[in-house]
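Inspection log for the structure reproduced underneath, given as structure tokens.
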Amino acid sequence: MSDALFPVPRARVEIAPGAVHVPGWLDVDEQRRLVAACRDWARGPVPIRHTALPGGGRMSVQTVCLGWHWSPYRYTRTAVDVNDAPVAPFPDRLGDLGRRALVAAYDDPHAGDDYTPDTALINFYDGDARMGMHQDKDERSDAPIVSLSIGDACTFRFGNTESRGRPHRDVRLESGDLFVFGGPSRFAYHGVPKVFPGTADPASGMTRGRLNLTMRVTGLGG
Ligand SMILES: O=C(O)CCC(=O)C(=O)O
Ligand SMILES: [Fe+2]
């Protein structure tokens with residue numbers, strides 16, 4: 001039976017209360033469109049970069065932001081640690097995608113009604129890039145985080161709200177997967193200990209590396 005004629009809802013997997021993994025949520029056309037848009041955003045007005053850390057190091061991941069610029073550990077309207085350019089606006093169609101994502105993840109037609117993300121962080125992982133366990137806590141809002149993955153698969157480690165340590169669950173995120181964390185899981189520690197090079201399907205638009213886009217509500221207004 002053809003998927004196109006009889007679309008079947010994707011299975012949702014609840015990883016923790018409020019944290020849901022929806023495998024294969026984006027179809028390949030949506031993945032390709034998003035990759036093309038991310039390539040544009042990566043060029044400027046703020047070029048994608050390895051974020052400098054206060055300790056002197058740099059993140060192995062490369063990041064570019066929309067709506068608000070994130071640098072450790074705050075949001076600003078201009079790229080204070082790059083070229084001081086105003087960041088590209090947060091596009092309406094990403095907000096629409098974010099609202100659809102909540103509907104799918106929480107299996108509730110109204111889950112996205114009041115969701116108005118105003119920033120996106122676009123992360124590119126190549127080579128040995130990874131991301132240590134951290135909380136997304138520079139936002140002044142407890143609205144859910146919507147995370148989309150395209151390209152190489154990775155291990156996404158989803159922990160607890162108390163510490164970087166156990167208990168945690170390792171989830172393999174593949175191209176097109178959606179992961180939402182909100183409610184009691186909104187401030188859970190999470191990270192990406194491993195990316196699996198060469199696992200990307202070129203049909204996704206990514207020939208190498210992993211792209212991750214997270215949408216957030218900063219709660220900063222204006
Ligand atoms: O790449 C991912 O899946 C997670 C990214 C992340 O946690 C972040 O940008 O804060
Ligand atoms: Fe994060």
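Naming scheme: A, B, ... for chains in displayed order of the structure tokens; residues 1 onward per chain; ligands 1 onward as shown.
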At most 12 Å is the cut-off: for each residue in segment 30-106 of chain A with any atom that close to an atom of segment 147-165 of chain A, write down the nearest atom pair and the distance in Å rounded to one decimal, counting only C-alpha atoms, chain first then increasing number, as JSON lines.
```
{"residue": "A:Glu30", "atom": "CA", "partner": "A:Ile150", "partner_atom": "CA", "distance": 10.1}
{"residue": "A:Gln31", "atom": "CA", "partner": "A:Ile150", "partner_atom": "CA", "distance": 6.6}
{"residue": "A:Arg32", "atom": "CA", "partner": "A:Ile150", "partner_atom": "CA", "distance": 8.8}
{"residue": "A:Arg33", "atom": "CA", "partner": "A:Ile150", "partner_atom": "CA", "distance": 11.0}
{"residue": "A:Leu34", "atom": "CA", "partner": "A:Ile150", "partner_atom": "CA", "distance": 8.8}
{"residue": "A:Val35", "atom": "CA", "partner": "A:Ile150", "partner_atom": "CA", "distance": 7.8}
{"residue": "A:Ala36", "atom": "CA", "partner": "A:Ile150", "partner_atom": "CA", "distance": 11.5}
{"residue": "A:Cys38", "atom": "CA", "partner": "A:Ile150", "partner_atom": "CA", "distance": 10.9}
{"residue": "A:Leu94", "atom": "CA", "partner": "A:Leu148", "partner_atom": "CA", "distance": 11.2}
{"residue": "A:Leu97", "atom": "CA", "partner": "A:Leu148", "partner_atom": "CA", "distance": 10.2}
{"residue": "A:Gly98", "atom": "CA", "partner": "A:Ser147", "partner_atom": "CA", "distance": 8.9}
{"residue": "A:Ala101", "atom": "CA", "partner": "A:Ser147", "partner_atom": "CA", "distance": 9.0}
{"residue": "A:Leu102", "atom": "CA", "partner": "A:Ser147", "partner_atom": "CA", "distance": 10.5}
{"residue": "A:Ala105", "atom": "CA", "partner": "A:Ser147", "partner_atom": "CA", "distance": 10.9}
```
Could the residues in this selection be written to a file with C-alpha atoms, as a PDB file, in the first residue's frame?
```pdb
ATOM      1  CA  GLU A  30      10.945  19.222   3.341  1.00  0.00           C
ATOM      2  CA  GLN A  31      14.440  18.144   4.371  1.00  0.00           C
ATOM      3  CA  ARG A  32      15.926  19.389   1.099  1.00  0.00           C
ATOM      4  CA  ARG A  33      14.096  22.717   1.334  1.00  0.00           C
ATOM      5  CA  LEU A  34      15.303  23.217   4.884  1.00  0.00           C
ATOM      6  CA  VAL A  35      18.894  22.311   3.956  1.00  0.00           C
ATOM      7  CA  ALA A  36      18.826  24.827   1.084  1.00  0.00           C
ATOM      8  CA  CYS A  38      20.145  26.699   6.035  1.00  0.00           C
ATOM      9  CA  LEU A  94       9.594  28.142  10.588  1.00  0.00           C
ATOM     10  CA  LEU A  97       6.664  24.250  11.123  1.00  0.00           C
ATOM     11  CA  GLY A  98       7.231  24.541  14.880  1.00  0.00           C
ATOM     12  CA  ALA A 101       5.798  19.840  15.178  1.00  0.00           C
ATOM     13  CA  LEU A 102       4.074  20.272  18.545  1.00  0.00           C
ATOM     14  CA  ALA A 105       4.795  15.307  18.982  1.00  0.00           C
TER      15      ALA A 105
END
```
- Message: Set the distance at 10 Å and use only C-alpha atoms: which residues neighbour Phe124 of chain A once local chain neighbours fewer than 4 positions away are removed? I'd like the list as a count of residues only.
- Response: 19
- Which residue, A:Cys65, A:Met133, A:Met206, A:Met59, has the smallest gap to Ala79 of chain A when you use only C-alpha atoms?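 Closest to Ala79 of chain A of all the choices is A:Cys65.
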For chain A versus ligand 2, which residues have an atom no more than 10 Å away, and what is each residue's nearest atom pair and distance in Å rounded to one decimal, using only C-alpha atoms and all ligand atoms, chain-then-number order, as CSV?
```
residue,atom,partner,partner_atom_place_in_ligand_line,distance
A:Leu121,CA,ligand 2,1 (Fe),9.3
A:Met131,CA,ligand 2,1 (Fe),8.4
A:Gly132,CA,ligand 2,1 (Fe),9.1
A:Met133,CA,ligand 2,1 (Fe),8.1
A:His134,CA,ligand 2,1 (Fe),6.3
A:Gln135,CA,ligand 2,1 (Fe),5.9
A:Asp136,CA,ligand 2,1 (Fe),4.9
A:Lys137,CA,ligand 2,1 (Fe),8.6
A:Ile145,CA,ligand 2,1 (Fe),8.5
A:Ser147,CA,ligand 2,1 (Fe),9.0
A:Phe187,CA,ligand 2,1 (Fe),9.3
A:Ala188,CA,ligand 2,1 (Fe),9.2
A:Tyr189,CA,ligand 2,1 (Fe),7.8
A:His190,CA,ligand 2,1 (Fe),6.2
A:Gly191,CA,ligand 2,1 (Fe),6.7
A:Val192,CA,ligand 2,1 (Fe),9.1
A:Thr214,CA,ligand 2,1 (Fe),7.9
```
- Query: Quick one: residues within 7 Å of segment 11-17 of chain A, only C-alpha atoms counted, chain neighbours fewer than 4 positions away excluded, as a ChimeraX atom specification?
  - Reply: /A:21-22,105,184-185
- Message: Among segment 11-169 of chain A, which ones does DSSP assign to strand (DSSP E or B) (computed from the backbone)? Answer as an MDAnalysis selection string.
- Response: chainID A and resid 13:16 19:22 49:52 58:66 69:71 74:76 78 86 88 119:125 131:134 145:151 153:158 169
- What residues in segment 43-206 of chain A get the DSSP label alpha helix (DSSP H)? Please answer as a ChimeraX atom specification. /A:43,92-106
Go ahead and save the picked residues with C-alpha atoms, as a CSV table (one decimal), in the first residue's frame.
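Saved as out.csv:
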```csv
chain,number,residue,atom,x,y,z
A,43,ARG,CA,26.4,32.6,4.5
A,92,ASP,CA,7.1,32.9,9.7
A,93,ARG,CA,7.3,29.5,7.9
A,94,LEU,CA,9.6,28.1,10.6
A,95,GLY,CA,7.0,29.2,13.2
A,96,ASP,CA,4.4,27.3,11.2
A,97,LEU,CA,6.7,24.3,11.1
A,98,GLY,CA,7.2,24.5,14.9
A,99,ARG,CA,3.5,24.6,15.6
A,100,ARG,CA,3.0,21.6,13.3
A,101,ALA,CA,5.8,19.8,15.2
A,102,LEU,CA,4.1,20.3,18.5
A,103,VAL,CA,0.8,18.9,17.2
A,104,ALA,CA,2.6,15.8,15.9
A,105,ALA,CA,4.8,15.3,19.0
A,106,TYR,CA,2.0,15.7,21.5
```
- Tell me which of A:Trp41, A:Tyr125, A:Trp25, A:Phe90 sits closest to Arg216 of chain A, counting only C-alpha atoms. A:Phe90
